[in-house]
file input_17.cif (mmCIF, C-alpha atoms)
data_input
loop_
_atom_site.label_atom_id
_atom_site.label_comp_id
_atom_site.auth_asym_id
_atom_site.auth_seq_id
_atom_site.Cartn_x
_atom_site.Cartn_y
_atom_site.Cartn_z
CA MET A 1 -7.05 22.01 7.30
CA LYS A 2 -8.12 20.39 4.07
CA ILE A 3 -7.29 22.57 1.12
CA THR A 4 -8.98 22.23 -2.26
CA THR A 5 -8.60 24.22 -5.47
CA LEU A 6 -11.49 25.37 -7.62
CA ILE A 7 -10.95 25.88 -11.35
CA LEU A 8 -13.23 26.70 -14.22
CA ALA A 9 -14.05 23.36 -15.81
CA SER A 10 -14.39 24.81 -19.28
CA SER A 11 -10.85 26.21 -19.50
CA LEU A 12 -7.89 27.77 -17.70
CA ALA A 13 -6.75 29.77 -20.71
CA VAL A 14 -7.54 33.49 -20.76
CA GLY A 15 -10.15 34.36 -23.35
CA SER A 16 -11.13 30.77 -24.09
CA LEU A 17 -14.38 30.75 -22.09
CA PRO A 18 -17.46 30.24 -24.24
CA GLU A 19 -19.60 33.31 -24.81
CA THR A 20 -22.51 31.69 -22.95
CA ALA A 21 -20.46 31.92 -19.76
CA PHE A 22 -21.18 35.65 -19.72
CA LEU A 23 -24.91 35.56 -20.48
CA PRO A 24 -27.08 36.91 -17.62
CA ASN A 25 -28.80 33.60 -16.86
CA SER A 26 -25.81 31.32 -17.32
CA LYS A 27 -23.52 30.06 -14.58
CA PRO A 28 -19.95 28.84 -15.14
CA THR A 29 -19.38 25.24 -14.19
CA TYR A 30 -16.83 24.50 -11.47
CA GLU A 31 -15.25 21.27 -10.37
CA GLN A 32 -13.04 20.40 -7.43
CA VAL A 33 -9.48 19.43 -8.14
CA VAL A 34 -7.55 17.80 -5.31
CA ASP A 35 -3.78 17.58 -5.38
CA GLU A 36 -3.14 14.19 -3.77
CA ASN A 37 0.49 15.13 -3.18
CA ASP A 38 -0.34 18.32 -1.31
CA PRO A 39 0.83 17.90 2.33
CA GLU A 40 -2.41 19.24 3.75
CA GLU A 41 -4.43 16.87 1.57
CA ILE A 42 -2.31 13.89 2.62
CA LEU A 43 -2.83 14.66 6.30
CA ALA A 44 -6.54 15.36 5.82
CA LYS A 45 -7.00 12.03 4.04
CA TYR A 46 -5.15 10.22 6.82
CA LEU A 47 -7.16 11.83 9.61
CA GLN A 48 -10.39 11.01 7.77
CA ALA A 49 -9.25 7.43 7.18
CA ILE A 50 -8.61 6.71 10.85
CA GLY A 51 -11.90 8.12 12.07
CA GLY A 52 -12.46 11.74 11.10
CA GLU A 53 -11.57 14.95 12.91
CA GLU A 54 -14.78 15.03 14.95
CA LYS A 55 -14.08 11.65 16.57
CA LEU A 56 -10.37 12.33 16.96
CA ALA A 57 -11.03 15.63 18.75
CA LYS A 58 -12.85 13.70 21.50
CA ILE A 59 -9.77 11.61 22.31
CA LYS A 60 -7.93 13.36 25.15
CA ASN A 61 -5.46 10.65 26.12
CA VAL A 62 -4.27 7.17 25.18
CA SER A 63 -2.56 4.43 27.18
CA MET A 64 -0.76 1.70 25.24
CA THR A 65 1.26 -1.42 25.94
CA ALA A 66 3.29 -3.19 23.25
CA LEU A 67 5.16 -6.48 23.55
CA ALA A 68 8.15 -7.68 21.55
CA ASN A 69 10.77 -10.41 21.73
CA PHE A 70 14.44 -9.74 21.12
CA GLN A 71 17.05 -12.50 21.21
CA GLY A 72 14.93 -14.53 23.62
CA GLN A 73 14.15 -11.64 25.95
CA SER A 74 10.69 -10.13 26.32
CA ILE A 75 10.42 -6.37 25.86
CA GLU A 76 7.45 -4.37 27.13
CA ILE A 77 6.92 -0.83 25.92
CA LYS A 78 4.35 1.29 27.72
CA SER A 79 3.31 4.79 26.76
CA ILE A 80 0.78 7.38 27.87
CA SER A 81 -0.06 10.51 25.90
CA ASP A 82 -2.17 13.09 27.71
CA ALA A 83 -2.99 15.94 25.35
CA GLU A 84 -5.34 17.58 27.81
CA ASN A 85 -2.56 18.23 30.35
CA GLN A 86 0.44 18.08 27.97
CA ARG A 87 2.01 15.09 29.69
CA MET A 88 3.63 11.96 28.33
CA MET A 89 5.37 8.85 29.64
CA GLN A 90 7.17 6.07 27.85
CA SER A 91 8.93 3.17 29.50
CA THR A 92 10.85 0.19 28.20
CA ALA A 93 11.21 -2.95 30.31
CA VAL A 94 13.35 -5.97 29.47
CA SER A 95 12.34 -9.25 31.10
CA GLY A 96 10.28 -7.29 33.64
CA ASN A 97 12.98 -4.76 34.56
CA VAL A 98 12.42 -1.14 33.55
CA MET A 99 15.54 -0.10 31.66
CA GLN A 100 14.49 3.40 30.62
CA LYS A 101 11.66 5.83 31.19
CA THR A 102 11.01 9.18 29.51
CA LEU A 103 8.73 11.70 31.20
CA LEU A 104 7.29 15.07 30.24
CA VAL A 105 5.37 16.77 33.04
CA ASN A 106 4.74 20.45 33.80
CA GLY A 107 6.84 21.54 30.86
CA LYS A 108 9.93 19.65 32.01
CA ALA A 109 11.35 16.44 30.58
CA GLN A 110 13.69 13.81 31.95
CA VAL A 111 15.04 10.38 31.16
CA VAL A 112 15.43 7.83 33.95
CA ALA A 113 17.80 4.97 33.13
CA MET A 114 19.45 2.48 35.48
CA GLY A 115 18.59 4.64 38.46
CA GLN A 116 20.12 7.76 36.93
CA VAL A 117 18.03 10.85 36.13
CA GLN A 118 18.93 13.14 33.25
CA GLU A 119 17.09 16.41 32.75
CA LEU A 120 16.48 17.14 29.08
CA PRO A 121 17.14 20.56 27.48
CA GLU A 122 14.40 22.83 26.20
CA GLU A 123 15.02 21.69 22.64
CA MET A 124 14.11 18.13 23.60
CA VAL A 125 11.09 19.34 25.56
CA ALA A 126 9.77 20.98 22.38
CA MET A 127 10.22 17.73 20.47
CA LEU A 128 8.49 15.66 23.13
CA LYS A 129 5.54 18.03 23.20
CA ALA A 130 4.31 16.43 19.99
CA GLN A 131 4.14 13.10 21.82
CA THR A 132 1.56 14.46 24.25
CA TYR A 133 -0.94 14.50 21.38
CA VAL A 134 -2.72 11.26 20.67
CA PHE A 135 -2.80 12.19 16.97
CA PRO A 136 0.02 14.70 16.47
CA GLU A 137 -0.61 14.85 12.72
CA ALA A 138 -3.59 17.12 13.43
CA HIS A 139 -1.28 19.59 15.20
CA TYR A 140 1.71 19.86 12.87
CA SER A 141 0.87 23.44 11.95
CA GLU A 142 0.60 24.74 15.51
CA LEU A 143 3.80 22.90 16.41
CA GLY A 144 5.61 24.92 13.79
CA TYR A 145 6.42 21.99 11.51
CA GLN A 146 7.20 22.74 7.88
CA LEU A 147 5.76 20.25 5.40
CA SER A 148 6.81 19.43 1.86
CA SER A 149 5.87 16.68 -0.57
CA LEU A 150 8.17 13.77 -1.40
CA GLY A 151 5.93 12.68 -4.26
CA GLU A 152 4.73 9.18 -5.03
CA SER A 153 6.67 5.94 -4.84
CA VAL A 154 6.25 2.20 -4.34
CA MET A 155 7.17 0.95 -0.89
CA ASP A 156 6.79 -2.62 0.39
CA GLY A 157 4.66 -3.46 -2.61
CA GLN A 158 2.18 -0.60 -2.33
CA GLU A 159 1.89 2.91 -3.73
CA VAL A 160 2.58 5.62 -1.17
CA VAL A 161 2.78 9.39 -1.02
CA GLY A 162 5.52 10.92 1.10
CA LEU A 163 5.86 13.93 3.37
CA GLN A 164 9.03 15.59 4.59
CA ILE A 165 8.50 17.19 7.98
CA THR A 166 11.04 19.74 9.19
CA LEU A 167 10.91 20.51 12.90
CA PRO A 168 11.76 23.99 14.25
CA ASN A 169 15.18 22.67 15.35
CA GLY A 170 15.94 21.51 11.81
CA MET A 171 15.41 17.80 12.44
CA ILE A 172 13.82 16.07 9.44
CA THR A 173 11.31 13.23 9.56
CA LYS A 174 9.81 11.49 6.56
CA GLU A 175 6.34 9.95 6.60
CA TYR A 176 4.72 7.75 3.98
CA TYR A 177 0.99 7.20 3.55
CA SER A 178 -0.86 4.61 1.48
CA LYS A 179 -2.18 6.21 -1.67
CA SER A 180 -5.23 3.94 -1.72
CA THR A 181 -6.29 3.96 1.94
CA GLY A 182 -4.67 7.13 3.29
CA LEU A 183 -3.30 5.21 6.29
CA LYS A 184 0.22 5.90 7.53
CA HIS A 185 2.62 3.22 6.35
CA LYS A 186 6.04 4.28 7.56
CA THR A 187 7.99 6.93 9.48
CA SER A 188 11.75 7.39 9.20
CA SER A 189 14.44 9.74 10.46
CA ASP A 190 18.18 9.64 10.94
CA ALA A 191 17.76 10.22 14.67
CA THR A 192 15.16 7.59 15.57
CA GLY A 193 15.32 5.05 12.75
CA GLU A 194 12.32 3.61 10.94
CA ILE A 195 8.87 2.45 12.05
CA THR A 196 6.46 0.56 9.80
CA TYR A 197 2.78 0.46 10.79
CA SER A 198 0.42 -2.40 9.97
CA ASP A 199 -2.59 -4.43 11.15
CA TYR A 200 -4.91 -1.43 11.60
CA GLN A 201 -7.83 -2.34 13.85
CA GLU A 202 -10.84 -0.41 15.05
CA GLN A 203 -10.93 0.77 18.65
CA ASP A 204 -13.85 2.97 19.74
CA GLY A 205 -14.52 3.89 16.11
CA ILE A 206 -10.89 4.77 15.37
CA LEU A 207 -8.42 2.77 13.28
CA PHE A 208 -5.09 2.21 15.01
CA PRO A 209 -2.01 0.20 13.90
CA MET A 210 -1.56 -2.78 16.20
CA MET A 211 1.78 -3.94 14.74
CA LEU A 212 4.97 -1.88 14.68
CA SER A 213 8.19 -2.92 12.98
CA ILE A 214 11.03 -0.88 14.46
CA LYS A 215 14.41 -0.56 12.74
CA ASN A 216 17.20 1.31 14.48
CA PRO A 217 20.98 1.52 14.06
CA MET A 218 21.25 0.13 17.59
CA LEU A 219 19.31 -3.01 16.65
CA PRO A 220 20.84 -5.77 14.49
CA VAL A 221 17.36 -6.84 13.30
CA ALA A 222 13.95 -5.21 13.19
CA LEU A 223 11.97 -5.28 16.42
CA GLU A 224 8.42 -6.51 15.85
CA ALA A 225 6.14 -5.03 18.51
CA LYS A 226 2.47 -5.95 18.92
CA ILE A 227 0.14 -3.61 20.78
CA THR A 228 -1.65 -5.73 23.37
CA SER A 229 -3.50 -2.97 25.21
CA LEU A 230 -4.97 0.26 23.83
CA LYS A 231 -7.23 2.48 25.91
CA PHE A 232 -8.58 5.95 25.18
CA ASN A 233 -9.77 8.62 27.62
CA GLN A 234 -8.66 6.94 30.84
CA SER A 235 -8.73 8.60 34.26
CA LEU A 236 -5.08 9.49 34.73
CA THR A 237 -3.31 10.48 37.95
CA ASP A 238 0.07 12.01 38.77
CA SER A 239 1.36 8.53 39.64
CA ASP A 240 1.01 7.54 35.98
CA PHE A 241 3.76 10.03 35.16
CA GLN A 242 6.36 9.11 37.75
#
call {"tool": "encode", "arguments": {"input": "input_17.cif", "output": "structure tokens"}}
result
Amino acid sequence: MKITTLILASSLAVGSLPETAFLPNSKPTYEQVVDENDPEEILAKYLQAIGGEEKLAKIKNVSMTALANFQGQSIEIKSISDAENQRMMQSTAVSGNVMQKTLLVNGKAQVVAMGQVQELPEEMVAMLKAQTYVFPEAHYSELGYQLSSLGESVMDGQEVVGLQITLPNGMITKEYYSKSTGLKHKTSSDATGEITYSDYQEQDGILFPMMLSIKNPMLPVALEAKITSLKFNQSLTDSDFQ
């Protein structure tokens, strides 16, 4: 929720208000002061920048496909986030062969890799729940995330404001948003690496980053992934999450 602070424009000091402020027919003048480094303000600006809460609330699911090339091999990443039914699926295929798939259905999560199925613990289920939301930033509070400001800095040639997000399990993620546009620029964590977002394009009235640069300790170079398919509010079936 967007938080603003109201202060008396004339003064903050006790006893320094002009006498006219207390006359029967006079009204003190107020002005809005917005702390651009306040976590709630940063998120509110971002949500407004990508379309506004009213439009975002109408998006119940998203289906995406991203393509990348790594050392001559094509990589296809598909993901489905279904906030309405709290389901998600993400698969990674290399040269047409699905190497790994992560599923969250009916409150249970599993990873399927090379024909082997691994059930994930409750702690991981709680983390994946955020991925069921198309725009999880609007749900940080209800997910129990603690937010703190990282202040302002210059990153990749632009001014950004940073957020530190602490999950209930203690995992820390850092997010950076453009100070000028409000759009998310980068996400980083020790567990998952770093993702840089760019090439925002409008889809159904909503701005979405169509280029992702993924850096991970497991990758010798950054993986540049381009979103080639983006669809909102599709008719999903159980087969989409198998």
call {"tool": "closest_residue", "arguments": {"input": "input_17.cif", "among": "A:Gly151, A:Gly144, A:Gly182, A:Gly96", "to": "Leu167 in chain A", "atoms": "only C-alpha atoms"}}
result
A:Gly144
call {"tool": "residues_around", "arguments": {"input": "input_17.cif", "residues": "Tyr145 in chain A", "least_positions_apart": "6", "cutoff": "12 Å", "atoms": "only C-alpha atoms", "output": "ChimeraX atom specification"}}
result
/A:39,126-127,130,136-139,163-173
call {"tool": "closest_residue", "arguments": {"input": "input_17.cif", "among": "A:Lys45, A:Lys108, A:Lys78, A:Lys58", "to": "Gly205 in chain A", "atoms": "only C-alpha atoms"}}
result
A:Lys58
call {"tool": "closest_residue", "arguments": {"input": "input_17.cif", "among": "A:Val125, A:Val134, A:Met99, A:Met89", "to": "Lys231 in chain A", "atoms": "all atoms listed in the file"}}
result
A:Val134
call {"tool": "residues_around", "arguments": {"input": "input_17.cif", "residues": "Gly157 in chain A", "least_positions_apart": "6", "cutoff": "12 Å", "atoms": "only C-alpha atoms", "output": "MDAnalysis selection string"}}
result
chainID A and resid 178:179 185
call {"tool": "write_last_selection", "arguments": {"input": "input_17.cif", "atoms": "C-alpha atoms", "output": "short mmCIF file (atom, residue, chain, number, x, y, z; two decimals), in the frame of the given file"}}
result
data_model
loop_
_atom_site.label_atom_id
_atom_site.label_comp_id
_atom_site.auth_asym_id
_atom_site.auth_seq_id
_atom_site.Cartn_x
_atom_site.Cartn_y
_atom_site.Cartn_z
CA SER A 178 -0.86 4.61 1.48
CA LYS A 179 -2.18 6.21 -1.67
CA HIS A 185 2.62 3.22 6.35
#
call {"tool": "resolve_selection", "arguments": {"input": "input_17.cif", "expression": "the PyMOL selection byres ((chain A and resi 215-224) around 7)", "output": "MDAnalysis selection string"}}
result
chainID A and resid 68 70 192:195 212:214 225:226
call {"tool": "atom_distance", "arguments": {"input": "input_17.cif", "atom1": "CA of Glu123 in chain A", "atom2": "CA of Ser81 in chain A"}}
result
19.1 Å
call {"tool": "resolve_selection", "arguments": {"input": "input_17.cif", "expression": "the PyMOL selection byres ((chain A and resi 49) around 8)", "output": "JSON, numbers by chain"}}
result
{"A": [45, 46, 47, 48, 50, 51, 52, 181, 182, 183, 207]}
call {"tool": "residues_around", "arguments": {"input": "input_17.cif", "residues": "Ser229 in chain A", "least_positions_apart": "5", "cutoff": "10 Å", "atoms": "only C-alpha atoms", "output": "PDB file with C-alpha atoms, in the coordinates of the input"}}
result
ATOM      1  CA  SER A  63      -2.560   4.430  27.180  1.00  0.00           C
ATOM      2  CA  MET A  64      -0.760   1.700  25.240  1.00  0.00           C
ATOM      3  CA  THR A  65       1.260  -1.420  25.940  1.00  0.00           C
ATOM      4  CA  ALA A  66       3.290  -3.190  23.250  1.00  0.00           C
ATOM      5  CA  LEU A  67       5.160  -6.480  23.550  1.00  0.00           C
ATOM      6  CA  LYS A  78       4.350   1.290  27.720  1.00  0.00           C
ATOM      7  CA  MET A 210      -1.560  -2.780  16.200  1.00  0.00           C
TER       8      MET A 210
END
call {"tool": "build_atoms", "arguments": {"input": "input_17.cif", "residues": "range 68-91 of chain A", "atoms": "N, CA and C atoms", "output": "PDB file, keeping the file's coordinate frame"}}
result
ATOM      1  N   ALA A  68       7.252  -7.210  22.599  1.00  0.00           N
ATOM      2  CA  ALA A  68       8.150  -7.680  21.550  1.00  0.00           C
ATOM      3  C   ALA A  68       9.102  -8.700  22.161  1.00  0.00           C
ATOM      4  N   ASN A  69       9.773  -9.435  21.276  1.00  0.00           N
ATOM      5  CA  ASN A  69      10.770 -10.410  21.730  1.00  0.00           C
ATOM      6  C   ASN A  69      12.062 -10.130  20.986  1.00  0.00           C
ATOM      7  N   PHE A  70      13.156 -10.035  21.736  1.00  0.00           N
ATOM      8  CA  PHE A  70      14.440  -9.740  21.120  1.00  0.00           C
ATOM      9  C   PHE A  70      15.510 -10.670  21.687  1.00  0.00           C
ATOM     10  N   GLN A  71      16.009 -11.547  20.833  1.00  0.00           N
ATOM     11  CA  GLN A  71      17.050 -12.500  21.210  1.00  0.00           C
ATOM     12  C   GLN A  71      16.673 -13.276  22.485  1.00  0.00           C
ATOM     13  N   GLY A  72      15.402 -13.717  22.509  1.00  0.00           N
ATOM     14  CA  GLY A  72      14.930 -14.530  23.620  1.00  0.00           C
ATOM     15  C   GLY A  72      14.480 -13.761  24.841  1.00  0.00           C
ATOM     16  N   GLN A  73      14.591 -12.448  24.809  1.00  0.00           N
ATOM     17  CA  GLN A  73      14.150 -11.640  25.950  1.00  0.00           C
ATOM     18  C   GLN A  73      12.869 -10.894  25.589  1.00  0.00           C
ATOM     19  N   SER A  74      11.944 -10.836  26.543  1.00  0.00           N
ATOM     20  CA  SER A  74      10.690 -10.130  26.320  1.00  0.00           C
ATOM     21  C   SER A  74      10.883  -8.639  26.590  1.00  0.00           C
ATOM     22  N   ILE A  75      10.333  -7.824  25.720  1.00  0.00           N
ATOM     23  CA  ILE A  75      10.420  -6.370  25.860  1.00  0.00           C
ATOM     24  C   ILE A  75       8.998  -5.822  25.938  1.00  0.00           C
ATOM     25  N   GLU A  76       8.759  -5.009  26.936  1.00  0.00           N
ATOM     26  CA  GLU A  76       7.450  -4.370  27.130  1.00  0.00           C
ATOM     27  C   GLU A  76       7.620  -2.866  27.026  1.00  0.00           C
ATOM     28  N   ILE A  77       6.874  -2.278  26.111  1.00  0.00           N
ATOM     29  CA  ILE A  77       6.920  -0.830  25.920  1.00  0.00           C
ATOM     30  C   ILE A  77       5.563  -0.254  26.319  1.00  0.00           C
ATOM     31  N   LYS A  78       5.572   0.637  27.288  1.00  0.00           N
ATOM     32  CA  LYS A  78       4.350   1.290  27.720  1.00  0.00           C
ATOM     33  C   LYS A  78       4.443   2.780  27.430  1.00  0.00           C
ATOM     34  N   SER A  79       3.322   3.354  27.013  1.00  0.00           N
ATOM     35  CA  SER A  79       3.310   4.790  26.760  1.00  0.00           C
ATOM     36  C   SER A  79       1.956   5.383  27.098  1.00  0.00           C
ATOM     37  N   ILE A  80       1.993   6.615  27.576  1.00  0.00           N
ATOM     38  CA  ILE A  80       0.780   7.380  27.870  1.00  0.00           C
ATOM     39  C   ILE A  80       0.940   8.756  27.261  1.00  0.00           C
ATOM     40  N   SER A  81      -0.028   9.160  26.472  1.00  0.00           N
ATOM     41  CA  SER A  81      -0.060  10.510  25.900  1.00  0.00           C
ATOM     42  C   SER A  81      -1.290  11.212  26.432  1.00  0.00           C
ATOM     43  N   ASP A  82      -1.080  12.338  27.095  1.00  0.00           N
ATOM     44  CA  ASP A  82      -2.170  13.090  27.710  1.00  0.00           C
ATOM     45  C   ASP A  82      -2.194  14.490  27.128  1.00  0.00           C
ATOM     46  N   ALA A  83      -2.946  14.661  26.040  1.00  0.00           N
ATOM     47  CA  ALA A  83      -2.990  15.940  25.350  1.00  0.00           C
ATOM     48  C   ALA A  83      -3.637  17.023  26.208  1.00  0.00           C
ATOM     49  N   GLU A  84      -4.600  16.622  27.006  1.00  0.00           N
ATOM     50  CA  GLU A  84      -5.340  17.580  27.810  1.00  0.00           C
ATOM     51  C   GLU A  84      -4.454  18.323  28.794  1.00  0.00           C
ATOM     52  N   ASN A  85      -3.453  17.628  29.358  1.00  0.00           N
ATOM     53  CA  ASN A  85      -2.560  18.230  30.350  1.00  0.00           C
ATOM     54  C   ASN A  85      -1.108  18.301  29.878  1.00  0.00           C
ATOM     55  N   GLN A  86      -0.888  18.028  28.585  1.00  0.00           N
ATOM     56  CA  GLN A  86       0.440  18.080  27.970  1.00  0.00           C
ATOM     57  C   GLN A  86       1.463  17.279  28.779  1.00  0.00           C
ATOM     58  N   ARG A  87       1.112  16.002  28.986  1.00  0.00           N
ATOM     59  CA  ARG A  87       2.010  15.090  29.690  1.00  0.00           C
ATOM     60  C   ARG A  87       2.234  13.843  28.839  1.00  0.00           C
ATOM     61  N   MET A  88       3.391  13.224  29.002  1.00  0.00           N
ATOM     62  CA  MET A  88       3.630  11.960  28.330  1.00  0.00           C
ATOM     63  C   MET A  88       4.601  11.120  29.159  1.00  0.00           C
ATOM     64  N   MET A  89       4.486   9.802  28.987  1.00  0.00           N
ATOM     65  CA  MET A  89       5.370   8.850  29.640  1.00  0.00           C
ATOM     66  C   MET A  89       5.605   7.698  28.692  1.00  0.00           C
ATOM     67  N   GLN A  90       6.859   7.284  28.611  1.00  0.00           N
ATOM     68  CA  GLN A  90       7.170   6.070  27.850  1.00  0.00           C
ATOM     69  C   GLN A  90       8.235   5.294  28.603  1.00  0.00           C
ATOM     70  N   SER A  91       7.975   4.009  28.787  1.00  0.00           N
ATOM     71  CA  SER A  91       8.930   3.170  29.500  1.00  0.00           C
ATOM     72  C   SER A  91       9.222   1.913  28.710  1.00  0.00           C
TER      73      SER A  91
END
